[in-house]
Every structure is written in C-alpha cells, then in structure tokens.
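Encoded as structure tokens, the structure appears first; notes follow it.
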Amino acid sequence: MRSDGLIKLIILTVVMIMLYGQDTVVLAEDRIDCLICHKYRGLSRVDEQGNFRLFYINNDLFLNSPHRRIECNECHTDIEEIPHDKVDKVDCTQQCHIVEPSGDGYFSHKTIAETLAKSAHGKLDADGNPKPHQEDYPGCKDCHDQPLYRPLSAFKGVAKHGVSMRSISRCKSCHESGNFAKDFYEHVTSRLHKTRFSLEITEVCAKCHQDPEFMKRHELDDVITTYKHTFHGKMLEMGSERTADCIDCHVVEGESNHLIESKDVVTSSIHKDNVGRTCMASDCHTNASPNLAGFQTHVTYDREKYPLQFYMLVFFKALMALVMYFFLAFIFFELMRRLFPKFAFFKDNTPHHIADLGEQDQQDKEDKS
C-alpha cells in the first residue's frame with residue numbers, strides 16, 4: 001500500500017509541475033504541444049560557436065503575428081518527435097500548407113526571395129557570382145524580426161485589429177469556420193499601410209548601415225546619420241508619420257519593398273534620372289518640380305570621396321570662426337573702454353599747465369586769423 005501511495009504521490013507531483021503556469025488558451029492553440037517546453041523564459045543554451053541561443057516562445061506575440069495559423073512543424077519540417085534533436089535553419093521559401101487565396105496552389109515566399117535576390121541586398125552579382133562578404137547580406141529574419149500585425153487605426157475606442165468589430169461580424173456571416181474572418185481581416189488591414197512605424201524602419205536599416213565595420217567592408221557612407229540631419233529625419237524624430245523614410249525613397253512606387261536597387265542601376269528609384277519622379281510620388285511632393293531632388297541628400301564630408309563638400313565645410317567653418325572672433329574681440333575692447341575710460345596704452349607725459357598754454361596759444365592764432 002505504501003508503494004502504491006508513493007507512486008500516486010509521484011504522479012500527482014509530476015502532473016502539478018507540468019500544469020504549473022500552463023495556460024488553457026495556450027494549450028488550445030498549441031496543438032502539437034511545443035509550448036510544453038518553449039513556454040519557459042529560461043529555455044536557452046550556448047552553442048558550439050559560443051553564441052547564446054534563446055528558445056523561449058512568447059505565445060501572445062505569436063498569436064498576433066501573420067504566422068499564427070501555421071503549426072510549428074510546418075516550418076520546422078525536420079522535427080519528427082518530441083523531445084527533438086538539434087533542428088535545421090528554417091527555409092522561408094518552402095511551400096506552406098496554407099492555400100494562397102488568389103489561386104489554387106499552396107502559399108510560398110519563393111517569389112519574394114527571387115525579388116530580394118535581384119536587389120542590392122542579394123548575395124549574387126549581375127553575373128551570378130557570389131558577392132564578397134556573404135555573411136553581411138540580410139536574410140528574412142534580419143528585417144522581419146518582429147512580424148506583428150499593426151493596427152489600421154490608433155484612435156481610442158477602435159479595436160486593435162482594425163476599423164471595427166462589426167466589420168468582422170459581416171465577414172463571419174459567410175466565413176463561419178475557425179478564425180478565417182479575423183485572420184484575413186487583420187492581414188488585409190495591416191497591409192493597407194506600413195507594417196512598421198517609420199522610425200522603426202530607419203532603426204532596422206541602421207543595424208547594418210550604421211555599423212562601422214560593415215560600412216568599411218562595403219565602402220559605404222553613414223547614410224543613417226546624414227539622413228537624421230535632413231528635414232525628413234528631424235520630422236521623423238519628432239514623431240511624424242507622414243515624412244519620407246528609407247523605404248519611401250529607395251523603392252520605386254508600386255514595386256515590392258524587397259526590390260531595393262543601387263543608385264547605379266537605371267531602374268533604381270534613386271538613379272539620377274529617376275530621383276525627381278521618386279520625390280513626386282503620390283504620397284510625397286506630387287506638385288513639385290524635378291529640381292526639388294537636385295541636391296545630395298546624404299551629405300558626407302570625406303576628403304577623398306567628396307573633396308568639394310569637404311573644403312566647403314572647412315571654408316565655412318573658418319569664415320564663421322573669423323566673424324565670430326572678430327566681433328568677440330570688438331565687444332571685449334568696447335567693454336574695456338567703458339570700464340576703464342582713462343586707460344591708454346600710450347600716455348602723454350606733457351605737464352597739464354604747459355598743455356593748457358599750448359591750447360590757448362593755438363586758440364589765439366585762430367582768432368587773429
């Protein structure tokens with residue numbers, strides 16, 4: 001009897017430990033029980049390269065992401081049992097088990113990957129050869145590190161997933177099964193504007209384009225700092241959502257955001273022949289003249305790359321210093337004259353009575369004449 005009671009106590013203890021902190025909603029969403037382990041914030045290890053790896057999954061964030069309808073093993077296809085061994089890196093271009101709504105086939109990010117490969121961020125050059133420093137070119141997760149649905153409206157009293165809850169109820173009159181209406185609604189409304197705030201977009205680009213070692217390897221200028229010095233950058237830091245950010249200028253209107261091309265490519269939005277039209281995009285300066293773009297946005301002062309800008313900066317700094325120090329000296333001497341009115345560098349040693357006689361003789365001569 002004692003052994004049976006001990007076994008029951010052990011089983012009860014194990015069950016209580018497994019259920020401790022377990023959310024019933026999480027269990028309902030996690031149909032293959034991955035969160036049995038991955039719900040713990042301390043689940044981590046140090047890999048063979050000495051990098052810290054965190055395996056914690058925040059289920060609340062996942063349920064507000066575009067991937068929430070996808071099971072874990074649909075991306076991690078090499079996982080066949082739990083607990084599992086080391087998993088391979090996820091291939092974002094593989095086919096998903098979700099049917100693409102505008103067609104009959106399964107959804108895939110392959111076309112997006114092909115577009116990215118043609119851009120300045122692609123790992124191959126125009127001849128199909130690998131570019132140097134392959135590790136510097138971004139993958140999907142380098143930019144899409146927080147793929148959350150962004151509300152269409154931020155006004156008080158509006159539901160977090162869009163314009164109104166009543167709109168979803170209209171969808172549910174036909175689409176009754178599961179959460180399709182809500183998922184589809186959030187997907188569409190989040191794509192009606194930018195997924196990220198403009199300031200967030202700038203910070204994502206800064207992860208590479210403000211890294212000194214990265215810029216040195218690729219011979220790039222510090223475009224993030226120079227952008228923040230512009231009118232657009234100042235407006236962005238003050239909270240404006242209507243000013244141009246990196247995507248607005250570096251992507252041709254109507255094209256995929258993944259197709260960012262170099263300024264030397266003739267189809268690029270920032271090519272010298274196209275930059276005027278870029279500034280006249282539908283969301284920007286629609287009535288502006290092409291001459292609006294006739295200036296260098298990312299002004300740097302490198303003497304070797306941009307000698308004209310460098311020497312102009314030196315000239316104006318010297319001119320400003322000369323003018324400022326001239327007036328400071330002028331103000332200083334004027335102040336000294338007022339504080340010490342009788343002070344003189346060269347004093348007249350002539351006695352006062354002789355000086356007075358000399359002045360009287362001179363006055364007499366003037367009167368006689």
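Please note that chains go A, B, ... in the order of the structure tokens, that every chain numbers its residues from 1, and that ligands are numbered from 1 in the order shown.
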_Run DSSP on the backbone and tell me which residues of region 45-192 of chain A come out as alpha helix (DSSP H); list them as a PyMOL selection string._
chain A and resi 59-62+72-75+110-117+140-143+165-172+180-190
Considering only C-alpha atoms, give me a table of residues in region 24-132 of chain A that are at most 8 Å from region 244-266 of chain A, with the closest atom pair and distance in Å for each, as CSV.
```
residue,atom,partner,partner_atom,distance
A:Ile112,CA,A:His258,CA,7.2
A:Thr115,CA,A:Leu259,CA,5.9
A:Leu116,CA,A:His258,CA,5.1
A:Lys118,CA,A:Leu259,CA,6.9
A:Ser119,CA,A:Leu259,CA,4.9
A:Ala120,CA,A:Glu261,CA,4.8
A:His121,CA,A:Ile260,CA,7.3
```
Export N, CA and C atoms of the chosen residues as a PDB file, in the first residue's frame?
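Output contents, as saved in out_3.pdb:
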```pdb
ATOM      1  N   ILE A 112       9.096  36.207 -53.338  1.00  0.00           N
ATOM      2  CA  ILE A 112       9.698  37.305 -52.589  1.00  0.00           C
ATOM      3  C   ILE A 112      11.209  37.124 -52.523  1.00  0.00           C
ATOM      4  N   THR A 115      12.742  38.132 -55.758  1.00  0.00           N
ATOM      5  CA  THR A 115      12.806  39.594 -55.872  1.00  0.00           C
ATOM      6  C   THR A 115      13.952  40.146 -55.046  1.00  0.00           C
ATOM      7  N   LEU A 116      14.113  39.623 -53.839  1.00  0.00           N
ATOM      8  CA  LEU A 116      15.205  40.070 -52.978  1.00  0.00           C
ATOM      9  C   LEU A 116      16.566  39.775 -53.607  1.00  0.00           C
ATOM     10  N   LYS A 118      17.363  39.912 -56.637  1.00  0.00           N
ATOM     11  CA  LYS A 118      17.656  40.862 -57.709  1.00  0.00           C
ATOM     12  C   LYS A 118      18.015  42.246 -57.176  1.00  0.00           C
ATOM     13  N   SER A 119      17.842  42.461 -55.901  1.00  0.00           N
ATOM     14  CA  SER A 119      18.055  43.779 -55.318  1.00  0.00           C
ATOM     15  C   SER A 119      19.502  43.959 -54.886  1.00  0.00           C
ATOM     16  N   ALA A 120      19.778  45.134 -54.319  1.00  0.00           N
ATOM     17  CA  ALA A 120      21.124  45.414 -53.814  1.00  0.00           C
ATOM     18  C   ALA A 120      21.476  44.546 -52.624  1.00  0.00           C
ATOM     19  N   HIS A 121      20.463  43.940 -51.993  1.00  0.00           N
ATOM     20  CA  HIS A 121      20.688  43.082 -50.836  1.00  0.00           C
ATOM     21  C   HIS A 121      20.866  41.618 -51.225  1.00  0.00           C
TER      22      HIS A 121
END
```
_To one decimal place in Å, what is the distance between CA of Cys75 (chain A) and CA of Gly105 (chain A)?_
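Answer for the CA of Cys75 (chain A) to CA of Gly105 (chain A) separation: 17.3 Å.
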_One decimal, in Å: what's the spacing between CA of Cys72 (chain A) and CA of Gln49 (chain A)?_
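Taking CA of Cys72 (chain A) and CA of Gln49 (chain A), their separation equals 25.5 Å.
Between Met215 (chain A) and the residues A:Met238, A:His229, A:Asp136, A:Ser102, the shortest atom-to-atom distance, using only C-alpha atoms, involves A:Asp136.
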*Neighbour list for Asp222 (chain A) as JSON, numbers by chain, cut-off 7 Å, only C-alpha atoms, skip fewer than 4 positions in-chain*: {"A": [209, 210, 226]}
*What is the CA of Gln95 (chain A)-CA of Thr77 (chain A) distance in Å, reported with one decimal?*
10.9 Å
*Determine the nearest neighbour of Glu81 (chain A) from the options A:Phe333, A:Lys123, A:Tyr40, A:Ile32, counting only C-alpha atoms.*
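Between A:Phe333, A:Lys123, A:Tyr40, A:Ile32, the residue approaching Glu81 (chain A) most closely is A:Ile32.
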_When you look at Gly42 (chain A) with a cut-off of 12 Å (counting only C-alpha atoms), what residues show up, excluding the ones that are within fewer than 4 positions of it in the same chain? I need them as a VMD selection string._
chain A and resid 37 to 38 52 to 58
